[in-house]
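Note: the block below is final.tsv and it holds TSV, C-alpha atoms.
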```
chain	number	residue	atom	x	y	z
A	1	MET	CA	12.55	12.86	-31.86
A	2	PRO	CA	10.73	14.44	-28.90
A	3	VAL	CA	7.21	15.66	-29.70
A	4	PRO	CA	5.84	18.64	-27.71
A	5	ASP	CA	2.48	18.26	-26.05
A	6	ALA	CA	-0.23	20.55	-27.47
A	7	ARG	CA	-1.24	22.11	-24.13
A	8	THR	CA	1.96	22.18	-22.05
A	9	THR	CA	5.70	21.94	-22.38
A	10	ALA	CA	5.44	18.19	-21.83
A	11	MET	CA	7.24	15.90	-24.24
A	12	ILE	CA	6.88	12.38	-25.61
A	13	GLU	CA	9.98	10.67	-26.94
A	14	ARG	CA	10.10	7.36	-28.84
A	15	GLU	CA	13.23	5.31	-29.45
A	16	PRO	CA	14.17	1.71	-30.28
A	17	PHE	CA	14.84	-0.53	-27.29
A	18	GLY	CA	15.62	-3.82	-29.03
A	19	ALA	CA	14.13	-6.62	-31.09
A	20	MET	CA	12.02	-9.63	-30.14
A	21	PRO	CA	13.33	-13.10	-31.09
A	22	ASP	CA	10.96	-13.03	-34.09
A	23	GLY	CA	12.40	-9.72	-35.26
A	24	ARG	CA	9.62	-7.40	-34.14
A	25	MET	CA	11.01	-4.11	-32.86
A	26	VAL	CA	10.31	-2.91	-29.33
A	27	GLU	CA	10.04	0.80	-28.61
A	28	ARG	CA	10.69	2.72	-25.43
A	29	LEU	CA	8.55	5.79	-24.85
A	30	THR	CA	9.45	8.54	-22.42
A	31	LEU	CA	6.79	10.88	-21.06
A	32	ARG	CA	8.08	14.19	-19.68
A	33	ASN	CA	6.04	16.88	-17.94
A	34	ALA	CA	6.61	20.61	-17.55
A	35	ARG	CA	8.25	20.11	-14.14
A	36	GLY	CA	10.89	17.70	-15.44
A	37	MET	CA	9.41	14.44	-14.14
A	38	GLU	CA	9.94	11.55	-16.56
A	39	VAL	CA	8.25	8.17	-16.96
A	40	SER	CA	9.66	5.64	-19.45
A	41	PHE	CA	8.06	2.37	-20.51
A	42	ILE	CA	8.51	-0.23	-23.24
A	43	ALA	CA	5.97	-1.88	-25.51
A	44	HIS	CA	7.03	-5.33	-24.26
A	45	GLY	CA	4.76	-5.98	-21.30
A	46	GLY	CA	3.98	-2.28	-21.04
A	47	ALA	CA	6.80	-2.38	-18.48
A	48	ILE	CA	7.65	0.88	-16.75
A	49	THR	CA	11.44	1.03	-16.96
A	50	SER	CA	12.10	4.26	-15.05
A	51	ILE	CA	10.41	7.06	-13.14
A	52	LEU	CA	12.54	10.12	-12.46
A	53	VAL	CA	11.35	12.40	-9.65
A	54	PRO	CA	13.09	14.99	-7.45
A	55	ASP	CA	13.93	14.76	-3.76
A	56	ARG	CA	13.45	17.62	-1.30
A	57	ASP	CA	16.60	19.31	-2.69
A	58	GLY	CA	15.46	18.94	-6.30
A	59	VAL	CA	17.88	16.10	-7.06
A	60	MET	CA	16.36	13.66	-9.55
A	61	ALA	CA	16.49	9.89	-9.05
A	62	ASP	CA	14.98	6.84	-10.70
A	63	VAL	CA	12.57	5.33	-8.15
A	64	VAL	CA	11.57	2.03	-9.81
A	65	LEU	CA	13.53	-1.18	-10.23
A	66	GLY	CA	14.27	-2.35	-13.76
A	67	TYR	CA	16.64	-3.85	-16.30
A	68	ARG	CA	19.07	-2.31	-18.77
A	69	THR	CA	18.20	-4.41	-21.84
A	70	LEU	CA	15.24	-5.98	-23.61
A	71	ASP	CA	16.81	-9.42	-23.30
A	72	GLU	CA	16.61	-9.11	-19.53
A	73	TYR	CA	12.93	-8.13	-19.71
A	74	LEU	CA	12.29	-11.13	-21.97
A	75	ARG	CA	13.74	-13.40	-19.26
A	76	ASP	CA	12.05	-11.61	-16.35
A	77	ARG	CA	10.30	-13.84	-13.80
A	78	VAL	CA	9.85	-11.40	-10.91
A	79	TRP	CA	7.63	-8.92	-12.78
A	80	LEU	CA	9.84	-5.82	-12.71
A	81	GLY	CA	7.45	-3.10	-13.85
A	82	PRO	CA	5.02	-4.70	-16.36
A	83	LEU	CA	1.27	-4.76	-16.78
A	84	ILE	CA	-0.24	-7.89	-15.24
A	85	GLY	CA	-3.11	-9.93	-16.68
A	86	ARG	CA	-5.35	-11.60	-17.31
A	87	TYR	CA	-5.49	-12.06	-13.56
A	88	ALA	CA	-3.32	-10.27	-11.03
A	89	ASN	CA	-2.11	-12.42	-8.15
A	90	ARG	CA	-2.87	-16.09	-7.50
A	91	ILE	CA	-5.56	-18.55	-8.55
A	92	ALA	CA	-5.48	-21.69	-6.40
A	93	GLY	CA	-4.44	-24.90	-8.08
A	94	GLY	CA	-4.45	-23.21	-11.48
A	95	ARG	CA	-8.13	-23.92	-11.92
A	96	PHE	CA	-11.60	-22.41	-11.52
A	97	THR	CA	-15.19	-23.26	-12.45
A	98	LEU	CA	-17.31	-20.75	-14.34
A	99	ASP	CA	-20.93	-21.32	-15.35
A	100	GLY	CA	-20.53	-25.05	-14.69
A	101	ARG	CA	-17.39	-25.52	-16.77
A	102	ASP	CA	-13.92	-26.25	-15.38
A	103	TYR	CA	-10.92	-24.28	-16.65
A	104	HIS	CA	-7.29	-25.25	-16.15
A	105	LEU	CA	-4.50	-22.70	-16.17
A	106	PRO	CA	-0.72	-23.17	-16.23
A	107	ARG	CA	0.88	-23.31	-12.78
A	108	ASN	CA	3.84	-21.00	-12.37
A	109	ASP	CA	3.92	-20.50	-8.61
A	110	GLY	CA	4.15	-23.91	-7.01
A	111	PRO	CA	0.64	-25.37	-7.25
A	112	ASN	CA	-0.86	-22.01	-8.23
A	113	HIS	CA	-1.41	-19.84	-11.28
A	114	LEU	CA	0.18	-16.41	-10.73
A	115	HIS	CA	-0.16	-13.08	-12.57
A	116	GLY	CA	-1.82	-14.54	-15.67
A	117	GLY	CA	0.68	-17.37	-16.14
A	118	PRO	CA	4.15	-17.72	-17.67
A	119	ARG	CA	2.98	-15.99	-20.87
A	120	GLY	CA	0.75	-13.38	-19.32
A	121	PHE	CA	0.40	-9.74	-20.32
A	122	ASP	CA	3.91	-9.07	-19.01
A	123	HIS	CA	5.24	-10.94	-22.08
A	124	VAL	CA	2.89	-9.40	-24.64
A	125	LEU	CA	4.16	-6.93	-27.24
A	126	TRP	CA	1.51	-4.24	-26.85
A	127	ASP	CA	0.45	-1.88	-29.62
A	128	VAL	CA	1.28	1.66	-28.49
A	129	ASP	CA	-0.14	4.98	-29.73
A	130	PRO	CA	0.88	8.31	-28.16
A	131	LEU	CA	-1.97	10.56	-27.04
A	132	PRO	CA	-2.39	13.55	-29.35
A	133	ASP	CA	-2.93	16.16	-26.64
A	134	ALA	CA	-1.14	14.95	-23.49
A	135	ALA	CA	2.04	13.32	-22.23
A	136	GLY	CA	0.63	9.83	-22.48
A	137	ALA	CA	0.04	6.77	-24.59
A	138	VAL	CA	-2.58	4.09	-25.18
A	139	LEU	CA	-1.50	0.44	-25.09
A	140	THR	CA	-3.82	-2.14	-26.66
A	141	HIS	CA	-3.83	-5.93	-26.88
A	142	THR	CA	-6.37	-8.57	-27.84
A	143	SER	CA	-5.95	-11.77	-25.86
A	144	PRO	CA	-7.47	-14.68	-27.80
A	145	ALA	CA	-9.82	-17.19	-26.24
A	146	GLY	CA	-7.79	-19.96	-24.63
A	147	ALA	CA	-4.71	-17.83	-23.98
A	148	GLU	CA	-3.10	-19.24	-20.81
A	149	GLY	CA	-6.29	-21.30	-20.40
A	150	TYR	CA	-8.73	-18.40	-20.01
A	151	PRO	CA	-12.10	-18.35	-21.80
A	152	GLY	CA	-13.21	-15.51	-24.04
A	153	THR	CA	-11.43	-13.14	-26.37
A	154	LEU	CA	-10.42	-10.19	-24.18
A	155	ALA	CA	-9.82	-6.77	-25.76
A	156	VAL	CA	-7.69	-4.68	-23.40
A	157	ARG	CA	-6.75	-1.01	-23.42
A	158	VAL	CA	-4.41	0.61	-20.90
A	159	THR	CA	-3.63	4.34	-20.90
A	160	TYR	CA	-0.57	5.87	-19.25
A	161	THR	CA	-0.85	9.64	-18.67
A	162	LEU	CA	1.66	11.93	-16.97
A	163	THR	CA	0.34	15.27	-15.70
A	164	ASP	CA	2.08	18.49	-14.71
A	165	ALA	CA	1.06	17.74	-11.11
A	166	ASP	CA	3.59	14.87	-11.08
A	167	GLU	CA	0.83	12.27	-11.34
A	168	LEU	CA	1.01	9.11	-13.41
A	169	SER	CA	-2.47	7.78	-14.09
A	170	VAL	CA	-3.07	4.24	-15.33
A	171	ASP	CA	-6.52	3.62	-16.81
A	172	TYR	CA	-7.66	0.08	-17.64
A	173	HIS	CA	-10.48	-0.89	-20.02
A	174	ALA	CA	-11.49	-4.38	-21.18
A	175	THR	CA	-14.35	-6.16	-22.95
A	176	THR	CA	-14.96	-9.83	-23.70
A	177	ASP	CA	-17.04	-12.04	-25.98
A	178	ALA	CA	-17.47	-14.77	-23.32
A	179	PRO	CA	-17.53	-14.79	-19.50
A	180	THR	CA	-14.01	-14.67	-18.05
A	181	PRO	CA	-12.20	-13.57	-14.88
A	182	VAL	CA	-10.32	-10.27	-15.20
A	183	SER	CA	-8.11	-8.40	-12.72
A	184	LEU	CA	-5.42	-6.08	-14.08
A	185	THR	CA	-2.63	-4.21	-12.32
A	186	GLN	CA	0.74	-2.53	-12.72
A	187	HIS	CA	3.69	-4.28	-11.04
A	188	SER	CA	6.40	-1.67	-10.49
A	189	TYR	CA	8.74	-2.06	-7.53
A	190	PHE	CA	9.42	1.27	-5.83
A	191	ASN	CA	12.48	2.48	-3.96
A	192	LEU	CA	11.99	6.17	-3.25
A	193	ALA	CA	15.62	6.57	-2.18
A	194	GLY	CA	16.59	5.61	-5.72
A	195	GLU	CA	16.85	2.33	-7.58
A	196	GLY	CA	19.90	0.32	-6.48
A	197	SER	CA	20.38	2.34	-3.29
A	198	GLY	CA	19.67	-0.45	-0.79
A	199	ASP	CA	16.64	-1.84	1.00
A	200	VAL	CA	13.32	-0.09	1.57
A	201	LEU	CA	12.89	-1.07	5.21
A	202	ALA	CA	13.11	2.56	6.40
A	203	HIS	CA	10.33	3.63	4.04
A	204	GLU	CA	7.21	4.60	5.99
A	205	LEU	CA	3.94	3.16	4.70
A	206	THR	CA	0.37	4.15	5.42
A	207	LEU	CA	-2.49	2.00	4.08
A	208	ASN	CA	-6.16	2.89	4.14
A	209	ALA	CA	-6.97	-0.68	5.11
A	210	SER	CA	-8.18	-2.12	8.41
A	211	ARG	CA	-8.33	-5.75	7.18
A	212	ILE	CA	-6.30	-8.24	5.15
A	213	THR	CA	-7.15	-11.48	3.39
A	214	PRO	CA	-4.89	-13.89	5.33
A	215	VAL	CA	-3.38	-16.80	3.40
A	216	ASP	CA	-2.81	-20.50	3.87
A	217	GLU	CA	0.49	-22.35	3.41
A	218	CYS	CA	0.05	-22.14	-0.39
A	219	VAL	CA	-0.38	-18.32	-0.14
A	220	ILE	CA	-4.07	-18.56	-1.09
A	221	PRO	CA	-6.66	-16.48	0.83
A	222	THR	CA	-8.48	-18.48	3.46
A	223	GLY	CA	-11.70	-16.54	2.88
A	224	GLU	CA	-11.40	-14.65	6.16
A	225	LEU	CA	-11.25	-10.84	6.29
A	226	ARG	CA	-8.97	-10.38	9.30
A	227	PRO	CA	-8.59	-7.08	11.21
A	228	VAL	CA	-5.04	-5.70	11.22
A	229	ALA	CA	-5.34	-3.98	14.61
A	230	GLY	CA	-2.69	-5.25	17.02
A	231	THR	CA	-0.78	-7.15	14.30
A	232	PRO	CA	2.32	-6.45	12.15
A	233	PHE	CA	-0.12	-5.69	9.32
A	234	ASP	CA	-1.42	-2.49	10.87
A	235	PHE	CA	-0.31	0.33	8.56
A	236	THR	CA	-3.27	2.56	9.34
A	237	THR	CA	-0.71	5.05	10.72
A	238	PRO	CA	2.73	5.68	9.16
A	239	THR	CA	4.98	2.72	9.96
A	240	ALA	CA	8.40	1.73	8.68
A	241	LEU	CA	8.26	-1.34	6.46
A	242	GLY	CA	11.04	-2.93	8.50
A	243	ALA	CA	9.55	-2.21	11.90
A	244	ARG	CA	7.73	-5.57	12.19
A	245	ILE	CA	8.58	-7.44	9.00
A	246	ASP	CA	10.52	-10.11	10.91
A	247	ALA	CA	8.09	-10.38	13.79
A	248	GLY	CA	7.10	-13.84	14.94
A	249	ASP	CA	3.85	-13.81	13.00
A	250	GLU	CA	2.54	-16.89	11.19
A	251	GLN	CA	1.44	-14.90	8.14
A	252	LEU	CA	4.89	-13.33	7.76
A	253	ARG	CA	6.49	-16.74	8.16
A	254	ILE	CA	4.44	-18.19	5.30
A	255	THR	CA	5.43	-15.46	2.84
A	256	GLY	CA	8.89	-14.50	4.13
A	257	GLY	CA	7.78	-10.90	4.61
A	258	TYR	CA	4.80	-8.94	3.37
A	259	ASP	CA	3.00	-10.49	0.39
A	260	HIS	CA	-0.62	-9.89	1.29
A	261	ASN	CA	-3.77	-8.32	-0.06
A	262	PHE	CA	-5.14	-5.47	2.06
A	263	VAL	CA	-8.87	-4.77	1.98
A	264	LEU	CA	-9.24	-1.05	1.36
A	265	ASP	CA	-11.63	0.94	3.54
A	266	ARG	CA	-13.60	2.48	0.71
A	267	ALA	CA	-16.40	5.05	0.93
A	268	GLY	CA	-17.70	4.47	-2.61
A	269	ASP	CA	-16.76	3.37	-6.13
A	270	GLY	CA	-14.59	6.32	-7.17
A	271	LEU	CA	-10.92	7.16	-6.93
A	272	GLU	CA	-9.78	7.01	-3.29
A	273	LEU	CA	-6.49	7.14	-1.42
A	274	ALA	CA	-5.17	3.63	-0.85
A	275	ALA	CA	-1.52	4.03	0.16
A	276	ARG	CA	1.11	6.59	1.06
A	277	LEU	CA	4.81	5.69	0.92
A	278	HIS	CA	7.46	8.06	2.32
A	279	ASP	CA	11.25	7.87	2.28
A	280	PRO	CA	12.45	10.01	5.22
A	281	ALA	CA	16.01	10.26	3.86
A	282	SER	CA	15.10	11.87	0.53
A	283	GLY	CA	11.73	13.32	1.46
A	284	ARG	CA	10.10	11.68	-1.56
A	285	VAL	CA	6.45	10.68	-1.15
A	286	LEU	CA	4.24	8.46	-3.29
A	287	GLU	CA	0.48	8.49	-2.88
A	288	ILE	CA	-1.58	5.82	-4.65
A	289	HIS	CA	-5.25	6.49	-5.40
A	290	THR	CA	-7.40	3.77	-6.94
A	291	THR	CA	-10.87	2.54	-7.79
A	292	GLU	CA	-9.90	-1.03	-6.84
A	293	PRO	CA	-11.06	-2.79	-3.64
A	294	GLY	CA	-7.64	-4.11	-2.64
A	295	ILE	CA	-3.91	-3.49	-2.72
A	296	GLN	CA	-1.18	-6.12	-2.53
A	297	LEU	CA	1.83	-5.19	-0.41
A	298	TYR	CA	4.89	-7.12	-1.57
A	299	THR	CA	8.29	-6.36	-0.08
A	300	GLY	CA	10.46	-8.04	-2.72
A	301	ASN	CA	11.06	-11.11	-0.57
A	302	ALA	CA	12.19	-13.23	-3.55
A	303	LEU	CA	14.84	-10.79	-4.80
A	304	ASP	CA	18.09	-12.64	-4.16
A	305	ARG	CA	20.96	-10.65	-5.74
A	306	THR	CA	20.86	-12.73	-8.95
A	307	ILE	CA	19.26	-9.81	-10.81
A	308	ILE	CA	21.62	-7.00	-11.73
A	309	GLY	CA	19.61	-3.81	-11.98
A	310	LYS	CA	19.99	-0.97	-14.46
A	311	SER	CA	22.32	0.81	-12.02
A	312	GLY	CA	24.71	-2.15	-12.24
A	313	ARG	CA	23.97	-3.13	-8.64
A	314	PRO	CA	22.33	-6.43	-7.64
A	315	TYR	CA	18.79	-6.40	-6.35
A	316	ALA	CA	18.89	-7.99	-2.94
A	317	ARG	CA	15.96	-9.01	-0.77
A	318	ARG	CA	13.62	-6.13	0.07
A	319	THR	CA	15.30	-3.55	-2.16
A	320	GLY	CA	11.94	-2.62	-3.67
A	321	VAL	CA	8.30	-2.63	-2.65
A	322	ALA	CA	5.35	-3.34	-4.94
A	323	LEU	CA	1.93	-1.86	-4.16
A	324	GLU	CA	-0.42	-3.59	-6.59
A	325	THR	CA	-3.95	-2.20	-6.81
A	326	GLN	CA	-6.23	-5.14	-7.58
A	327	HIS	CA	-9.25	-7.28	-6.92
A	328	PHE	CA	-8.66	-9.99	-4.35
A	329	PRO	CA	-6.56	-13.09	-5.07
A	330	ASP	CA	-8.37	-16.31	-5.97
A	331	SER	CA	-11.74	-14.58	-6.27
A	332	PRO	CA	-12.88	-16.93	-9.10
A	333	ASN	CA	-12.83	-19.77	-6.53
A	334	GLN	CA	-14.23	-17.79	-3.58
A	335	PRO	CA	-17.79	-16.52	-4.08
A	336	ARG	CA	-17.68	-14.58	-0.79
A	337	LEU	CA	-15.06	-12.25	-2.28
A	338	PRO	CA	-15.92	-9.46	-4.76
A	339	SER	CA	-16.58	-10.93	-8.20
A	340	THR	CA	-14.00	-10.58	-10.96
A	341	ILE	CA	-16.13	-12.13	-13.72
A	342	LEU	CA	-16.55	-9.98	-16.83
A	343	ARG	CA	-19.40	-10.90	-19.15
A	344	PRO	CA	-20.25	-9.94	-22.75
A	345	GLY	CA	-21.88	-6.53	-22.90
A	346	GLU	CA	-20.08	-5.38	-19.75
A	347	THR	CA	-16.98	-3.19	-19.58
A	348	TYR	CA	-14.12	-3.63	-17.15
A	349	ARG	CA	-12.87	-0.24	-15.96
A	350	SER	CA	-10.25	0.53	-13.36
A	351	ARG	CA	-8.07	3.53	-12.55
A	352	THR	CA	-4.99	4.02	-10.40
A	353	VAL	CA	-3.10	7.29	-9.94
A	354	TYR	CA	0.47	7.47	-8.64
A	355	ARG	CA	1.08	10.96	-7.19
A	356	PHE	CA	4.67	11.95	-6.39
A	357	GLY	CA	5.81	14.74	-4.11
A	358	VAL	CA	8.19	15.62	-1.26
A	359	LEU	CA	8.00	16.30	2.45
A	360	MET	CA	10.26	18.92	3.99
A	361	PRO	CA	11.90	18.14	7.34
```

Let me see the structure of the file written as structure tokens.
Amino acid sequence: MPVPDARTTAMIEREPFGAMPDGRMVERLTLRNARGMEVSFIAHGGAITSILVPDRDGVMADVVLGYRTLDEYLRDRVWLGPLIGRYANRIAGGRFTLDGRDYHLPRNDGPNHLHGGPRGFDHVLWDVDPLPDAAGAVLTHTSPAGAEGYPGTLAVRVTYTLTDADELSVDYHATTDAPTPVSLTQHSYFNLAGEGSGDVLAHELTLNASRITPVDECVIPTGELRPVAGTPFDFTTPTALGARIDAGDEQLRITGGYDHNFVLDRAGDGLELAARLHDPASGRVLEIHTTEPGIQLYTGNALDRTIIGKSGRPYARRTGVALETQHFPDSPNQPRLPSTILRPGETYRSRTVYRFGVLMP
């Protein structure tokens, strides 16, 4: 049954979503604020299954891609909406050296390790506890030493909170008992026109980023921080995603579209605006604020119509866009990039806020 929030008219609703192969039940929680915005997620992978927000006429639509059933989430290999860990993005060759010791990770992206491996946090059944005084919930998981090849027992806490300002905040917290790389993110694909409505190429994107980390043929950063000025990667002013996505650029050829980490132009360590996504047709706007140094722009290049979304329509290429706040890919192998090593006695903290609104014509 829905439970009213203590301070507002917000609600939290819990319901069964299915059972794991071992019989463990999976819940879906729905957070609802006083303005009618809803965010639903499941305990499996912490996957966000829907976000309902209004357009400029007040018409609600679900703006994230997702599946209809738990079985489909159990088989997911394109990361539709889950929490990602232990390491967001790619680690070259599925290996790194830390404090003189070599570690080998499973390869699930050609020669590389991607998004924490085939049994990463997206396939964890998280423990979930609703917040007592807000429309939100705390998800916890302890990843044992050796999980997917990583050293150290990692205790992770992620908090989803929906505010009456139509903001979804995601707060990450982690500690370890041995040195280990950590980079966590949320991997929702957005379509502000509504899930299943077609491609996102008319969406206008602005990124607070004047450089990218260009990649080699294996989609691993070369170590260069390359200016975006004069290239198809310049989103420093509002630009349609489809305006230059098929330009004759070597970086776009390698990845079949945008699949690159942008280096955010940060003024400090706090929460700062990273991205602004706007759908001119509906007027919906998404602003992303983060404490992270980078954001991965991924235009759903691998979606190939084999996935039938929750609307009953197939997800074709570029029908959703992921904007993954993160540390840089392959940082454990590239000492010039910001460190992602967490050590005992330290605390990993990160925050990203997704702020929804509308623009009038």

List as a list in words: which residues have an atom within 12 Å of (3.6, -11.8, 13.5), counting all atoms listed in the file? Pro214, Val228, Ala229, Gly230, Thr231, Pro232, Phe233, Asp234, Ala243, Arg244, Ile245, Asp246, Ala247, Gly248, Asp249, Glu250, Gln251, Leu252, Arg253, Ile254, Thr255, Gly256, Gly257 and Tyr258 of chain A

Length of the CA of Ile288 (chain A) to CA of Thr206 (chain A) vector [Å]: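 Value for the CA of Ile288 (chain A)-CA of Thr206 (chain A) distance: 10.4 Å.
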
Would you compute an axis-aligned box for region 70-80 of chain A, covering every atom listed for it in the file with 4 Å of margin on each side, and report centre and edge lengths in Å to one decimal as AutoDock Vina command-line options?
```
--center_x 12.2 --center_y -9.8 --center_z -17.3 --size_x 17.2 --size_y 16.0 --size_z 20.7
```

Can you pull out every residue within 12 Å of His187 (chain A), counting only C-alpha atoms, but drop anything in the same chain fewer than 3 positions away, and send it as an NGL selection string? :A and (45-49 or 64-66 or 77-85 or 88-89 or 115 or 121-122 or 170 or 184 or 190 or 295-298 or 300 or 320-326)

Can you tell me which residues surround Gly198 (chain A) at a distance of at most 10 Å, considering only C-alpha atoms, apart from same-chain residues fewer than 2 positions away, and format the answer as a list in words? Asn191, Ala193, Gly194, Glu195, Gly196, Val200, Leu201, Arg313, Pro314, Tyr315, Ala316, Arg317, Arg318, Thr319 and Gly320 of chain A

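Comparing A:Met60, A:Leu105, A:Leu131, A:Leu277 by their smallest distance to Ala147 (chain A), the closest is A:Leu105 (using all atoms listed in the file).
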
The distance between CA of Pro329 (chain A) and CA of Thr159 (chain A) is 23.7 Å

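Between CA of Pro54 (chain A) and CA of Phe356 (chain A) the interatomic distance comes to 9.0 Å.
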
If we count only C-alpha atoms and set the cut-off at 9 Å, which residues sit around Thr237 (chain A), ignoring sequence neighbours fewer than 5 positions away in its own chain? Please answer as a tab-separated table (two decimals) with C-alpha atoms, keeping the file's coordinate frame.
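Result saved to result-v8.tsv:
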```
chain	number	residue	atom	x	y	z
A	205	LEU	CA	3.94	3.16	4.70
A	206	THR	CA	0.37	4.15	5.42
A	207	LEU	CA	-2.49	2.00	4.08
A	208	ASN	CA	-6.16	2.89	4.14
```

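Shortest atom-to-atom contact with Pro221 (chain A) among A:Asp259, A:Glu292, A:Asp109, A:Glu167: A:Asp259, counting only C-alpha atoms.
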
Phe328 (chain A) surroundings by only C-alpha atoms, 12 Å radius, close-in-sequence under 4 positions cut, as a ChimeraX atom specification: /A:87-91,181-185,212-215,220-225,260-264,292-296,324,332-340

Could you name the residues that touch Asp22 (chain A) at 12 Å or less, counting all atoms listed in the file, but leaving out those on the same chain fewer than 4 positions away, as a compact mmCIF listing (two decimals) with C-alpha atoms, in the coordinates of the input?
```
# COMPACT_ATOMS: atom_id res chain seq x y z
CA GLY A 18 15.62 -3.82 -29.03
CA VAL A 26 10.31 -2.91 -29.33
CA LEU A 125 4.16 -6.93 -27.24
```
